[in-house]
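**Student:** Before I ask anything, let me first share the structure, which is written out below as structure tokens.
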Amino acid sequence: MLQPDQPHPRSAPDPPDPSRSAEAGTGRLGGWWRGLRPESRDLGLVGLGFTGAFLAALATDAFDQLYDFAHRHEDWELDEILAALLIMPFGFAAYAIRRLQDVRREMALRRQAEAEARQLAVHDALTGLPNRRSLADGLQRSLARARREGGAVAALMVDLDRFKPVNDLRGHAAGDRLLRMVAERLLGTTREVDLVARLGGDEFAIAGYFGSEQAPDALAAEGAAGAGGPEDAAEAASRLARRVVAALEEPFDLRDGAASVLVGASVGVALASEVEGGAEELLRRADLAMYRAKADGRACFRFFEPEMDTRIRHRAEMEAELRRAIAGDELVPHFQPLVALGAGRRIVGLEMLVRWPHPVRGMIPPAEFIPIAADTGLIVPMTERLLRQACRAALSWPDEISLAVNVSPIQLRDRALPSLVAAVLADSGLPARRLEIELTETGLVENFEMARDLLTELKALGVRLTLDDFGTGYSSLRHLQTLPFDQIKIDAGFVRSMAASPESGKIVAAVVGLGHSLGLPTVAEGVEDAATAAVLARMGCDIGQGWFFGAAVAEAEAGRLVRDRAALAS
């Protein structure tokens with residue numbers, strides 16, 4: 001039964017209300033007017049005003065009255081004035097049309113600039129790929145989708161292995177061309193649903209979503225079977241990473257007339273259905289995995305593992321503690337004897353080696369903290385403090401005992417190194433002739449001209465220079481010829497393996513002979529037994545260093561050792 005206020009289904013509709021129709025028409029007209037551009041509305045208002053004035057003039061015979069008035073006052077020359085007034089609106093109209101065109105052109109340029117700004121805000125200018133911001137947004141959306149649908153998200157961090165030599169040798173234009181070609185290969189290697197981004201420099205990233213609904217086309221197309229669960233996603237991400245590594249191992253023809261270049265890439269993969277911290281955490285995990293791939297030999301891929309996070313946190317803790325230890329002079333110098341291999345085998349010098357007696361962890365090996373110090377730049381203040389301590393300790397030694405100190409390759413890029421050494425020598429009072437600075441060829445190769453200038457300045461101070469670890473790395477004769485070295489130090493690896501490897505013995509003998517021909521004494525480190533010391537002495541090696549002659553000892557014991565320097569038993 002119908003309620004009293006309900007109309008009957010078959011009853012005729014109410015007749016239209018004219019006032020409502022008029023309101024609707026007015027509303028549509030107002031909406032159309034508001035939808036016009038501001039400059040179009042202004043021009044319309046001018047046109048309406050002109051038309052209204054013209055119609056009003058016609059209705060009031062204004063033209064006839066104006067003619068009569070002008071005829072009565074011909075001496076005023078009103079006809080010329082009126083003609084000018086009649087022409088002026090056409091001029092104003094022309095100006096308005098021209099100005100409208102200018103405004104439209106300016107608006108178009110502004111819209112284009114805004115579009116380009118939006119493009120640059122989310123895309124890389126060089127390759128046209130999405131940038132880190134777009135990648136983070138895409139990953140965040142994929143993570144939210146994975147939580148809703150039970151899928152998985154993969155982040156792949158791609159870092160080129162040999163991009164810097166291309167940039168340095170071929171120029172930045174060739175480097176930019178290579179980056180664009182890498183972007184094209186990555187787009188050709190990934191799926192259409194994957195997001196490929198450039199993060200900056202030679203680092204790229206890929207974001208992929210793997211869900212159950214993708215099994216028929218995406219996962220199955222890559223060879224995966226099943227319902228696209230976590231294992232399927234991991235397998236698909238592995239195949240994707242493998243394809244990326246293979247694609248970037250192929251040569252790149254930079255079309256600059258030179259030979260093709262081989263670059264290669266290391267890839268880190270992080271896969272998670274739900275990651276605390278969102279996209280940035282997923283990218284951080286992929287970055288850690290990428291550094292593991294580089295450490296494992298490059299041109300490969302590695303998945304993120306929890307111990308990577310533990311290792312990086314341990315490294316961060318070690319760095320913080322190392323900073324405090326350097327500031328508090330907790331790192332102490334120890335000294336290992338340098339022994340003449342001739343008759344008597346007397347101590348001719350001591351090499352300073354750093355030790356870190358940690359209050360909780362005990363004695364921390366240098367291999368654990370020296371790389372951290374080198375990577376973070378802490379090696380510079382650490383070396384300065386240890387050099388000051390060692391020079392003060394050497395003042396109590398006999399005058400003929402030298403002090404050998406290692407200098408990091410990083411410090412060969414510091415133009416303040418000679419002034420630092422000069423200041424330490426002046427403050428401690430140690431004669432410059434008693435200080436030997438040992439350096440490896442790694443620091444020489446990176447910037448040979450600067451290294452040569454620094455070594456020349458150090459030599460001018462009166463210190464002695466030793467080429468350390470000769471036989472490894474570059475072993476360039478050019479360095480011996482052009483740089484002011486005073487002696488050569490043979491790498492311990494060759495010395496230790498002489499008994500088992502005849503080739504190592506031949507290399508050591510060759511280096512000793514080379515040193516003699518150039519008038520440079522030779523030092524062999526890694527002497528661990530009497531037989532090795534005897535072989536080196538027969539070869540003509542001048543100085544030996546190693547466990548056979550004594551381990552590195554603290555300052556007090558080193559002082560007693562050199563003051564009581566009796567001839568060592570052979």
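Ligands are numbered from 1 in the order shown, residues from 1 within each chain, and chains are lettered A, B, ... in the order they appear in the structure tokens.
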Any idea what's packed within 10 Å of Pro366 in chain A, counting only C-alpha atoms, ignoring anything in its chain fewer than 4 positions away? Could you give it as a list in words?
**Tutor:**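 Near Pro366 in chain A, the qualifying residues are Leu353, Val354, Arg355, Trp356, Ile370, Pro371 and Ile372 of chain A.
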**Student:** Would you mind listing what lies within 8 Å of range 299-302 of chain A as a PyMOL selection string, with only C-alpha atoms counted and same-chain residues fewer than 6 positions away left out?
**Tutor:** chain A and resi 161+241-242+245+249+264-269+289-290+292-293
**Student:** Write out the residues from the selection above, keeping N, CA, C and O atoms, as a compact mmCIF listing (two decimals), in the first residue's frame.
**Tutor:**
```txt
# COMPACT_ATOMS: atom_id res chain seq x y z
N ASP A 161 80.70 -1.50 -13.20
CA ASP A 161 81.99 -1.86 -12.60
C ASP A 161 83.15 -1.04 -13.13
O ASP A 161 84.07 -0.71 -12.40
N ALA A 241 68.01 -10.57 -12.62
CA ALA A 241 69.36 -10.10 -12.28
C ALA A 241 70.40 -10.74 -13.18
O ALA A 241 71.36 -10.08 -13.63
N ARG A 242 70.22 -12.02 -13.48
CA ARG A 242 71.17 -12.71 -14.37
C ARG A 242 71.14 -12.12 -15.77
O ARG A 242 72.19 -11.95 -16.41
N VAL A 245 73.03 -8.73 -15.67
CA VAL A 245 74.49 -8.91 -15.64
C VAL A 245 74.99 -9.32 -17.02
O VAL A 245 76.00 -8.78 -17.52
N GLU A 249 77.46 -7.12 -19.68
CA GLU A 249 78.79 -7.66 -19.97
C GLU A 249 79.13 -7.56 -21.45
O GLU A 249 80.30 -7.62 -21.82
N GLY A 264 80.47 -4.01 -17.67
CA GLY A 264 80.01 -4.95 -16.66
C GLY A 264 79.30 -4.25 -15.51
O GLY A 264 79.37 -3.02 -15.37
N ALA A 265 78.63 -5.02 -14.69
CA ALA A 265 77.87 -4.45 -13.58
C ALA A 265 77.75 -5.44 -12.44
O ALA A 265 77.75 -6.66 -12.65
N SER A 266 77.67 -4.90 -11.24
CA SER A 266 77.37 -5.68 -10.04
C SER A 266 75.94 -5.36 -9.62
O SER A 266 75.55 -4.19 -9.62
N VAL A 267 75.18 -6.40 -9.27
CA VAL A 267 73.76 -6.23 -8.99
C VAL A 267 73.46 -6.77 -7.60
O VAL A 267 73.86 -7.88 -7.25
N GLY A 268 72.75 -5.97 -6.82
CA GLY A 268 72.25 -6.41 -5.52
C GLY A 268 70.75 -6.53 -5.56
O GLY A 268 70.07 -5.66 -6.12
N VAL A 269 70.21 -7.59 -4.99
CA VAL A 269 68.77 -7.86 -5.04
C VAL A 269 68.23 -7.95 -3.62
O VAL A 269 68.78 -8.66 -2.78
N ALA A 289 73.52 -5.56 -0.73
CA ALA A 289 73.75 -6.75 -1.55
C ALA A 289 74.63 -6.43 -2.75
O ALA A 289 75.47 -7.24 -3.16
N MET A 290 74.46 -5.23 -3.32
CA MET A 290 75.28 -4.83 -4.46
C MET A 290 76.76 -4.72 -4.05
O MET A 290 77.66 -5.15 -4.78
N ARG A 292 78.17 -6.38 -1.71
CA ARG A 292 78.66 -7.76 -1.55
C ARG A 292 79.05 -8.32 -2.91
O ARG A 292 80.08 -9.01 -3.05
N ALA A 293 78.24 -8.05 -3.94
CA ALA A 293 78.56 -8.52 -5.29
C ALA A 293 79.89 -7.94 -5.76
O ALA A 293 80.70 -8.64 -6.38
```
**Student:** So that I can check the surroundings of Ile364 in chain A, please list as a list in words every protein, DNA and RNA residue that reaches within 12 Å of it, counting only C-alpha atoms and ignoring chain neighbours fewer than 5 positions away.
**Tutor:**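 My reading of the contact set: Met318, Glu321, Leu322, Ala325, Glu330, Leu331, Val332, Val354, Arg355, Trp356, Pro357, His358, Pro359, Phe369 and Ile370 of chain A.
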**Student:** Any chance you could export the current selection's all heavy atoms as a CSV table (one decimal), in the first residue's frame?
**Tutor:**
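Listed below is the output, selection02.csv:
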```
chain,number,residue,atom,x,y,z
A,318,MET,N,82.3,0.2,14.7
A,318,MET,CA,83.8,0.2,14.7
A,318,MET,C,84.3,1.6,14.3
A,318,MET,O,85.3,2.1,14.9
A,318,MET,CB,84.3,-0.8,13.8
A,318,MET,CG,85.9,-0.9,13.7
A,318,MET,SD,86.5,-1.7,15.2
A,318,MET,CE,86.2,-3.4,14.8
A,321,GLU,N,83.9,4.0,17.3
A,321,GLU,CA,84.9,3.7,18.3
A,321,GLU,C,86.3,4.1,17.9
A,321,GLU,O,87.1,4.6,18.7
A,321,GLU,CB,84.8,2.2,18.7
A,321,GLU,CG,83.5,1.8,19.4
A,321,GLU,CD,83.5,0.4,19.7
A,321,GLU,OE1,84.5,-0.3,19.4
A,321,GLU,OE2,82.5,-0.1,20.3
A,322,LEU,N,86.5,4.0,16.6
A,322,LEU,CA,87.9,4.3,16.1
A,322,LEU,C,88.1,5.9,16.2
A,322,LEU,O,89.2,6.3,16.5
A,322,LEU,CB,88.0,3.9,14.6
A,322,LEU,CG,89.4,4.2,13.9
A,322,LEU,CD1,90.5,3.5,14.7
A,322,LEU,CD2,89.3,3.7,12.5
A,325,ALA,N,88.9,6.5,19.7
A,325,ALA,CA,90.2,6.0,20.0
A,325,ALA,C,91.3,6.9,19.5
A,325,ALA,O,92.3,7.2,20.2
A,325,ALA,CB,90.4,4.6,19.4
A,330,GLU,N,94.3,6.3,22.0
A,330,GLU,CA,94.2,4.9,22.4
A,330,GLU,C,95.0,4.0,21.5
A,330,GLU,O,95.4,2.9,21.9
A,330,GLU,CB,92.8,4.5,22.5
A,330,GLU,CG,91.9,5.2,23.5
A,330,GLU,CD,90.5,4.7,23.5
A,330,GLU,OE1,90.2,3.6,23.0
A,330,GLU,OE2,89.6,5.5,24.1
A,331,LEU,N,95.2,4.5,20.2
A,331,LEU,CA,96.0,3.7,19.3
A,331,LEU,C,97.5,4.0,19.6
A,331,LEU,O,97.9,5.1,19.8
A,331,LEU,CB,95.7,4.1,17.9
A,331,LEU,CG,94.5,3.4,17.2
A,331,LEU,CD1,93.2,3.8,17.8
A,331,LEU,CD2,94.5,3.7,15.7
A,332,VAL,N,98.3,2.9,19.7
A,332,VAL,CA,99.7,3.1,20.1
A,332,VAL,C,100.6,2.5,19.1
A,332,VAL,O,100.3,1.6,18.4
A,332,VAL,CB,99.9,2.4,21.5
A,332,VAL,CG1,99.1,3.1,22.6
A,332,VAL,CG2,99.6,0.9,21.4
A,354,VAL,N,100.9,0.1,13.8
A,354,VAL,CA,99.9,0.6,14.8
A,354,VAL,C,99.2,-0.6,15.5
A,354,VAL,O,99.0,-1.7,14.8
A,354,VAL,CB,98.8,1.4,14.0
A,354,VAL,CG1,98.1,0.7,12.9
A,354,VAL,CG2,97.8,2.0,15.0
A,355,ARG,N,98.9,-0.4,16.7
A,355,ARG,CA,98.1,-1.4,17.5
A,355,ARG,C,97.0,-0.7,18.2
A,355,ARG,O,97.1,0.5,18.6
A,355,ARG,CB,99.0,-2.1,18.5
A,355,ARG,CG,100.1,-3.0,17.8
A,355,ARG,CD,99.5,-4.2,17.1
A,355,ARG,NE,100.5,-5.1,16.5
A,355,ARG,CZ,101.0,-5.0,15.3
A,355,ARG,NH1,100.5,-4.0,14.5
A,355,ARG,NH2,101.9,-5.8,14.8
A,356,TRP,N,95.9,-1.4,18.4
A,356,TRP,CA,94.7,-0.9,19.1
A,356,TRP,C,94.3,-1.8,20.2
A,356,TRP,O,93.5,-2.7,20.0
A,356,TRP,CB,93.5,-0.7,18.1
A,356,TRP,CG,92.3,0.0,18.7
A,356,TRP,CD1,92.2,0.6,19.9
A,356,TRP,CD2,91.1,0.2,18.0
A,356,TRP,NE1,90.9,1.1,20.1
A,356,TRP,CE2,90.2,0.9,18.9
A,356,TRP,CE3,90.6,-0.2,16.8
A,356,TRP,CZ2,88.9,1.2,18.6
A,356,TRP,CZ3,89.3,0.2,16.5
A,356,TRP,CH2,88.4,0.9,17.4
A,357,PRO,N,94.7,-1.5,21.4
A,357,PRO,CA,94.3,-2.3,22.6
A,357,PRO,C,92.9,-1.8,23.1
A,357,PRO,O,92.8,-0.9,23.9
A,357,PRO,CB,95.4,-2.0,23.6
A,357,PRO,CG,96.0,-0.6,23.2
A,357,PRO,CD,95.8,-0.5,21.8
A,358,HIS,N,91.9,-2.4,22.6
A,358,HIS,CA,90.5,-2.0,22.9
A,358,HIS,C,90.2,-2.4,24.3
A,358,HIS,O,90.5,-3.5,24.8
A,358,HIS,CB,89.6,-2.7,21.9
A,358,HIS,CG,88.2,-2.1,21.9
A,358,HIS,ND1,87.2,-2.4,22.9
A,358,HIS,CD2,87.6,-1.2,21.1
A,358,HIS,CE1,86.1,-1.7,22.6
A,358,HIS,NE2,86.3,-1.0,21.6
A,359,PRO,N,89.6,-1.6,25.1
A,359,PRO,CA,89.3,-1.9,26.5
A,359,PRO,C,88.3,-3.0,26.7
A,359,PRO,O,88.3,-3.7,27.7
A,359,PRO,CB,88.7,-0.6,27.0
A,359,PRO,CG,88.2,0.2,25.8
A,359,PRO,CD,89.1,-0.2,24.7
A,369,PHE,N,90.7,-2.5,11.3
A,369,PHE,CA,90.4,-1.0,11.4
A,369,PHE,C,91.1,-0.2,10.4
A,369,PHE,O,90.7,1.0,10.1
A,369,PHE,CB,90.6,-0.5,12.8
A,369,PHE,CG,92.0,-0.6,13.3
A,369,PHE,CD1,92.9,0.5,13.1
A,369,PHE,CD2,92.5,-1.7,14.0
A,369,PHE,CE1,94.2,0.5,13.5
A,369,PHE,CE2,93.8,-1.7,14.5
A,369,PHE,CZ,94.7,-0.6,14.2
A,370,ILE,N,92.2,-0.6,9.9
A,370,ILE,CA,93.0,0.2,8.9
A,370,ILE,C,92.1,0.4,7.6
A,370,ILE,O,92.0,1.6,7.1
A,370,ILE,CB,94.3,-0.5,8.5
A,370,ILE,CG1,95.3,-0.4,9.7
A,370,ILE,CG2,94.9,0.2,7.3
A,370,ILE,CD1,95.7,1.0,10.1
```
**Student:** Step one, run DSSP on the backbone; step two, keep only residues of range 46-178 of chain A assigned to strand (DSSP E); then write them as a list in words.
**Tutor:**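 Answer for range 46-178 of chain A restricted to strand (DSSP E) is Ala152, Val153, Ala154, Ala155, Leu156, Met157, Val158, Asp159 and Leu160 of chain A.
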**Student:** So, with only C-alpha atoms as the atoms that count, which of A:Val182, A:Asp202, A:Asp253, A:Ala286 lies closest to Pro306 in chain A?
**Tutor:** A:Ala286
**Student:** Extract, using only C-alpha atoms, all DNA, RNA and protein residues at most 8 Å from Arg185 in chain A, discarding same-chain residues fewer than 3 positions from it, and format them as a PyMOL selection string.
**Tutor:** chain A and resi 181-182+188-189+247-248
**Student:** Put those residues in a file: N, CA, C and O atoms, as a PDB file, in the first residue's frame.
**Tutor:**
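Below you can see result-v8.pdb, which holds the result:
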```
ATOM      1  N   MET A 181      73.188   4.393 -23.295  1.00  0.00           N
ATOM      2  CA  MET A 181      73.132   3.050 -23.880  1.00  0.00           C
ATOM      3  C   MET A 181      72.817   2.003 -22.811  1.00  0.00           C
ATOM      4  O   MET A 181      72.093   1.035 -23.060  1.00  0.00           O
ATOM      5  N   VAL A 182      73.367   2.198 -21.616  1.00  0.00           N
ATOM      6  CA  VAL A 182      73.054   1.287 -20.509  1.00  0.00           C
ATOM      7  C   VAL A 182      71.562   1.355 -20.189  1.00  0.00           C
ATOM      8  O   VAL A 182      70.909   0.320 -19.970  1.00  0.00           O
ATOM      9  N   GLY A 188      65.459  -2.839 -22.395  1.00  0.00           N
ATOM     10  CA  GLY A 188      65.248  -3.992 -23.263  1.00  0.00           C
ATOM     11  C   GLY A 188      65.342  -5.315 -22.539  1.00  0.00           C
ATOM     12  O   GLY A 188      64.895  -6.342 -23.053  1.00  0.00           O
ATOM     13  N   THR A 189      65.931  -5.305 -21.342  1.00  0.00           N
ATOM     14  CA  THR A 189      66.122  -6.538 -20.578  1.00  0.00           C
ATOM     15  C   THR A 189      64.975  -6.813 -19.620  1.00  0.00           C
ATOM     16  O   THR A 189      64.676  -7.967 -19.316  1.00  0.00           O
ATOM     17  N   ALA A 247      73.566  -8.820 -19.979  1.00  0.00           N
ATOM     18  CA  ALA A 247      73.389  -7.749 -20.969  1.00  0.00           C
ATOM     19  C   ALA A 247      74.472  -6.687 -20.840  1.00  0.00           C
ATOM     20  O   ALA A 247      74.975  -6.173 -21.852  1.00  0.00           O
ATOM     21  N   LEU A 248      74.849  -6.360 -19.624  1.00  0.00           N
ATOM     22  CA  LEU A 248      75.844  -5.303 -19.429  1.00  0.00           C
ATOM     23  C   LEU A 248      77.271  -5.814 -19.562  1.00  0.00           C
ATOM     24  O   LEU A 248      78.215  -5.011 -19.559  1.00  0.00           O
TER      25      LEU A 248
END
```
**Student:** I'd like the contact shell of Gly513 in chain A - 10 Å cut-off, only C-alpha atoms, skipping same-chain residues fewer than 4 positions apart - returned as number ranges by chain.
**Tutor:** A: 507-509, 517-522, 539-541
**Student:** Quick one: distance from CA of Glu400 in chain A to CA of Arg346 in chain A in Å, one decimal?
**Tutor:**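 CA of Arg346 in chain A lies 11.2 Å from CA of Glu400 in chain A.
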**Student:** If DSSP is run on the backbone, what residues of range 178-385 of chain A are helix (DSSP H, G or I)? A reply as a PyMOL selection string would be ideal.
**Tutor:** chain A and resi 178-189+212-221+230-249+278-295+306-327+366-376+379-385
